[in-house]
Structures are given as structure tokens and as C-alpha cells.
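For reference, the structure discussed in these notes is given below.
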Amino acid sequence: MVTPVKRIVFSFLATVSIVVLLFAYRTSTSGRMTAAPAISGGSVESTPAPSSTSNAQTVTGEVASTQWGPVQVQLTIENGKITAVNVLQYPNGNHRDVEINDYALPILIDETTKAQSAQIDMVSGATVTSDGYIRSLQSALDQAK
Amino acid sequence: MNTARYVEHVMGMPIGLALRGRHTSDAQAHQAWSKALAILRDADRVFSTYRPDSYISRLNRGEIQVADCPPEVAEVLNLGEQARRESGDAFNVRRSGALDPSGVVKGWAVERAAQALAKLAGTDYCLSAGGDMTCHVASPDSPAWRIGIEDPHHLNTVAAVVPIRNGAIATSGLKHRGNHITDARTGMTPTAVASVTVVHSNLTWADIDATAAFAKGSDALTWLASRPGRTGLVVLEDGTRHVYRSNATRLATC
């Protein structure tokens, strides 16, 4: 007998594997595939759900170390089904494109300073005026290139 | 791949362009950039509420009717009306009887201006107006543009990075211009949300939705999840970050 919570964790782990394999597939030209990543578990919390249904749960996985770097995913589960997958972290190494489809883009949240070293082409922010531009991150980017 | 960058100021905001590929710095690139800027300046002349001679200012003074204006005025006002209905009145280009379509015009105008850049064969572009941008890559092999989303609490750091190949991204918040977004239903400035970022196929609706969701305040995430084909990030005033994705969006992986 599998409890609902265990079932959720199982499907969560299965999905972690799928996401990791997706990375593995996309980057397989540059490296040999290794064993499954170490996953130490997940946490379940009730949601501030961006969903109209009342029984949605958000599950945030712990960071899994892979050959390509850390991977972390967050799932939204409603009625025992996964309704959304967010990739919170993915490796910054040799991937080029981890889009899942046109609209389901992975939004990569970086906790602190690591995002600063990631290559960024443009900055999206609350409307920058010409007066504010000179002090903006975009301005720094424009001058650096 | 080398990226060429251009910056000009139009409509009181920086317009930025990044180009990579075949035409980055040649005569065709410069011509396309000039054309894009001309389209933005035209939009400003038609729609600016700061210019007494714009069609919008003349409409507001009752000197002319919409039928007397260029057809894009009706197009923009119709978009504004659609946005009002779909946002449950939180977004409205009419306030106290006066028209101010600037919440629609920016994204719409940049999308039009980008058509000039789309004529550059074999060239990827990313065109930004004050932090909202539309991106394009010319080939399936081109890498995505990597867009940093500004952290509304620490303006010189990014809260997240999103790769965009063909699509648009818009962010609304209060930090750069003071309290310029208000909920049209109450006239109040929302305080629950620090910034809203919307990724969508076109900038017209990415920009409208970012503004409307911001105006909705604590309802922002619920509303965004109901909008088809949107994904993005909401940073709340307490600093927490929430990635959302439309309920209507299907994932290819599971």
C-alpha cells in the first residue's frame, strides 16, 4: 500500500530523473553519461498556488549534483498529478538551450551572486528611464561589450 | 559569437538593440536600426500624452474623434479595451474620462519596430525599450538570448535568468519611476508585489499582462496562471520569488 504522500515523492523523483536525463541528452555530445545523480530527498509544502484549484501542492526538490552541475526542480501537484515543473537551477556549463517548449521556458533562479557571473545579454526590469539608465545593470552590460 | 550593441533614447527611455550573426555592424544593420527607431518616434508622435499635438492629446481635448486618427489609434484602443475586460478592470487606458494608452503603446510599438530588424537575413536580434524586450533568432542552431530579470530589491543584481529564442519578456515594478502603476479599480498603488515578469510570444501582451498583474497586487499570481501561453516570475514585496506558468500551458516532458 503506497500512501498518497509517498506516491507524490516517487513521481517527483521520477520526474527529477526525466529532467536530468533531458540535460544528459542535450549535452551528450560533450561528455559521457554517468550514473544517476545523488538525490537526497524533497520537501513538500502547501502552496501559495498560482492555480485556481484548492488542493495544489508545491514540491521543491533538493539540489541534485550532476556531472554538469546542480539541478533543482520544483513541481506543482494537483490531485496526484504533476501540473507544472519549474527548473529552479540548471547547470551553467555546456548546455545551449533547455527550453521545454516555446512558452514553457525554464526560469532560472539564482540565489545570490552566481547569476552575476552568468553570461547575460540583456536585462529585463521595471521601466528604466533615460535618467536611470546610466546607473542600470543594462548600461553596465552595454559598456562592457 | 560577436554581439553588436546599440543604444538610443526615445520616448524618455533607453532603446537597446543587440545583434549577432550576418548583419551586426554593416550598412544594412545601421539602416534597420534607424528604421526601428523611426517607428518608435512615430508611435511617440501619435500616442504621447506629453505632446500637446499628439492624436491622443487632441482626442482628450475633444478636438477630433477616433475616426479622424490613423488606424493604429483604434488598434491600440481596442487592445486597451481587451486588456480592461481580461484583467477585470485592473488595467484601463481610460482614467477619469481621459485616455492614457501608454500601458499598451510601449510593447506594441517595440513589436512593430522589430519588424524592421526581422528583415536582416541570418541575424539574431534582441530589441529592448526600458527593460522590456522582444527577441528573435534566425536559425534553429542559434543559442538563446539570455535575459537577466532584475531583482527589484537589489537593482544591480539579477533575480533570475531566462533563455529566450523567439519571444518577449516584460517586467513591471515601481523602483525606477516611482509609483506609476495604479489599480484602475481603486486608484491605489499595489504594495504586495515588488515586480512582475511575463514571458510570452509577443511583447504587446507580455507588457500589458505585466502591468495588469502588477496592478492586481496580491491576485497577480492567480491571474497570471489563468492567462494562456504565459510564464514568468513574480517577486513579492517580502522578497520571495515565485515562478509561474499558465495552467493552459502543456509541458512536453511529462
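We label chains A, B, ... in the order they appear in the C-alpha cells, count residues from 1 in each chain, and number ligands from 1 in the order shown.
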
At a cut-off of 7 Å, which residues of chain B touch chain A? Count only C-alpha atoms and give the answer as a PyMOL selection string. chain B and resi 5+9+12-14+130-132+143-150+156-162+170-176+200+221-222+225+229-232+243-244+251-252

Between atom CA of Arg20 of chain B and atom CA of Asn2 of chain B, what distance in Å does the model show, to one decimal?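 Distance between the two atoms: 6.0 Å.
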
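Distance-wise, atom CA of Gly217 of chain B and atom CA of Ala90 of chain B end up 9.6 Å apart.
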
Ranking B:Ala210, B:Leu120, B:Ala67, B:Met133 by minimum distance to Phe91 of chain B and counting only C-alpha atoms, which one comes first? B:Ala210

Write down as a PyMOL selection string the residues of segment 8-225 of chain B whose backbone DSSP state falls under alpha helix (DSSP H). chain B and resi 27-47+55-60+71-86+102-117+203-216+220-225

May I have the residues within 12 Å of Ile56 of chain B as JSON, numbers by chain, using only C-alpha atoms and disregarding those fewer than 4 positions away in the same chain? {"B": [43, 44, 45, 46, 47, 48, 49, 50, 51, 52, 60, 61, 62, 63, 64, 65, 66, 68, 69, 70, 72, 73, 74, 76, 77, 93, 94, 98, 99, 100, 101, 102, 105]}

Selection file, N, CA and C atoms, as a CSV table (one decimal), in the first residue's frame:
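Final output, saved to part-v9.csv:
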```csv
chain,number,residue,atom,x,y,z
B,43,ALA,N,5.4,56.4,-33.3
B,43,ALA,CA,4.5,56.0,-32.2
B,43,ALA,C,4.4,57.0,-31.2
B,44,ASP,N,5.5,57.6,-30.8
B,44,ASP,CA,5.5,58.6,-29.7
B,44,ASP,C,4.7,59.9,-30.2
B,45,ARG,N,4.9,60.2,-31.5
B,45,ARG,CA,4.2,61.4,-32.0
B,45,ARG,C,2.7,61.2,-32.0
B,46,VAL,N,2.3,60.0,-32.3
B,46,VAL,CA,0.8,59.7,-32.3
B,46,VAL,C,0.2,59.6,-30.9
B,47,PHE,N,1.0,58.9,-30.0
B,47,PHE,CA,0.3,58.4,-28.8
B,47,PHE,C,0.7,59.2,-27.5
B,48,SER,N,1.8,60.0,-27.6
B,48,SER,CA,2.3,60.6,-26.3
B,48,SER,C,1.3,61.5,-25.7
B,49,THR,N,1.1,61.3,-24.4
B,49,THR,CA,0.3,62.2,-23.6
B,49,THR,C,1.0,63.5,-23.2
B,50,TYR,N,2.4,63.5,-23.4
B,50,TYR,CA,3.2,64.6,-23.1
B,50,TYR,C,3.3,65.6,-24.2
B,51,ARG,N,2.9,65.2,-25.4
B,51,ARG,CA,2.9,66.1,-26.6
B,51,ARG,C,1.5,66.7,-26.8
B,52,PRO,N,1.4,68.0,-26.7
B,52,PRO,CA,0.0,68.5,-27.0
B,52,PRO,C,-0.5,68.3,-28.4
B,60,ASN,N,-8.2,63.8,-26.3
B,60,ASN,CA,-8.5,64.1,-24.9
B,60,ASN,C,-9.1,65.5,-24.8
B,61,ARG,N,-8.7,66.4,-25.7
B,61,ARG,CA,-9.3,67.8,-25.7
B,61,ARG,C,-10.6,67.8,-26.5
B,62,GLY,N,-11.0,66.7,-27.1
B,62,GLY,CA,-12.3,66.7,-27.8
B,62,GLY,C,-12.2,67.3,-29.2
B,63,GLU,N,-11.0,67.6,-29.7
B,63,GLU,CA,-10.9,68.3,-31.0
B,63,GLU,C,-11.1,67.3,-32.1
B,64,ILE,N,-10.9,66.0,-31.9
B,64,ILE,CA,-11.1,65.1,-33.0
B,64,ILE,C,-11.7,63.8,-32.4
B,65,GLN,N,-12.2,62.9,-33.4
B,65,GLN,CA,-12.7,61.6,-33.0
B,65,GLN,C,-11.7,60.5,-33.4
B,66,VAL,N,-11.9,59.3,-32.9
B,66,VAL,CA,-11.0,58.2,-33.2
B,66,VAL,C,-11.0,58.0,-34.7
B,68,ASP,N,-11.0,60.1,-37.0
B,68,ASP,CA,-10.1,61.1,-37.6
B,68,ASP,C,-8.6,60.7,-37.5
B,69,CYS,N,-8.3,59.7,-36.7
B,69,CYS,CA,-6.9,59.4,-36.4
B,69,CYS,C,-6.4,58.3,-37.3
B,70,PRO,N,-5.1,58.1,-37.4
B,70,PRO,CA,-4.5,57.0,-38.1
B,70,PRO,C,-5.1,55.6,-37.6
B,72,GLU,N,-3.9,53.0,-36.5
B,72,GLU,CA,-3.3,52.4,-35.3
B,72,GLU,C,-3.8,52.9,-34.0
B,73,VAL,N,-4.5,54.1,-34.0
B,73,VAL,CA,-5.1,54.6,-32.8
B,73,VAL,C,-6.2,53.6,-32.3
B,74,ALA,N,-7.1,53.3,-33.3
B,74,ALA,CA,-8.2,52.4,-33.0
B,74,ALA,C,-7.6,51.0,-32.6
B,76,VAL,N,-4.8,50.3,-31.1
B,76,VAL,CA,-4.3,50.4,-29.7
B,76,VAL,C,-5.4,50.5,-28.7
B,77,LEU,N,-6.4,51.3,-29.0
B,77,LEU,CA,-7.5,51.5,-28.0
B,77,LEU,C,-8.3,50.2,-27.9
B,93,VAL,N,-7.1,51.9,-20.0
B,93,VAL,CA,-6.4,53.1,-20.7
B,93,VAL,C,-7.3,54.3,-20.5
B,94,ARG,N,-8.4,54.2,-19.9
B,94,ARG,CA,-9.2,55.4,-19.6
B,94,ARG,C,-9.3,55.7,-18.1
B,98,ALA,N,-10.1,60.5,-19.2
B,98,ALA,CA,-9.0,60.8,-20.1
B,98,ALA,C,-8.4,59.5,-20.6
B,99,LEU,N,-7.9,59.6,-21.8
B,99,LEU,CA,-7.2,58.4,-22.4
B,99,LEU,C,-5.7,58.5,-22.1
B,100,ASP,N,-5.1,57.4,-21.6
B,100,ASP,CA,-3.7,57.3,-21.5
B,100,ASP,C,-3.3,55.9,-21.9
B,101,PRO,N,-3.0,55.7,-23.2
B,101,PRO,CA,-2.8,54.3,-23.7
B,101,PRO,C,-1.3,53.9,-23.5
B,102,SER,N,-0.5,54.6,-22.7
B,102,SER,CA,0.9,54.3,-22.7
B,102,SER,C,1.2,52.8,-22.2
B,105,VAL,N,1.0,51.0,-25.5
B,105,VAL,CA,1.8,51.5,-26.6
B,105,VAL,C,3.2,51.0,-26.6
```

One decimal, in Å: what's the spacing between atom CA of Ala32 of chain B and atom CA of Gly103 of chain B?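 Answer for the atom CA of Ala32 of chain B to atom CA of Gly103 of chain B separation: 25.6 Å.
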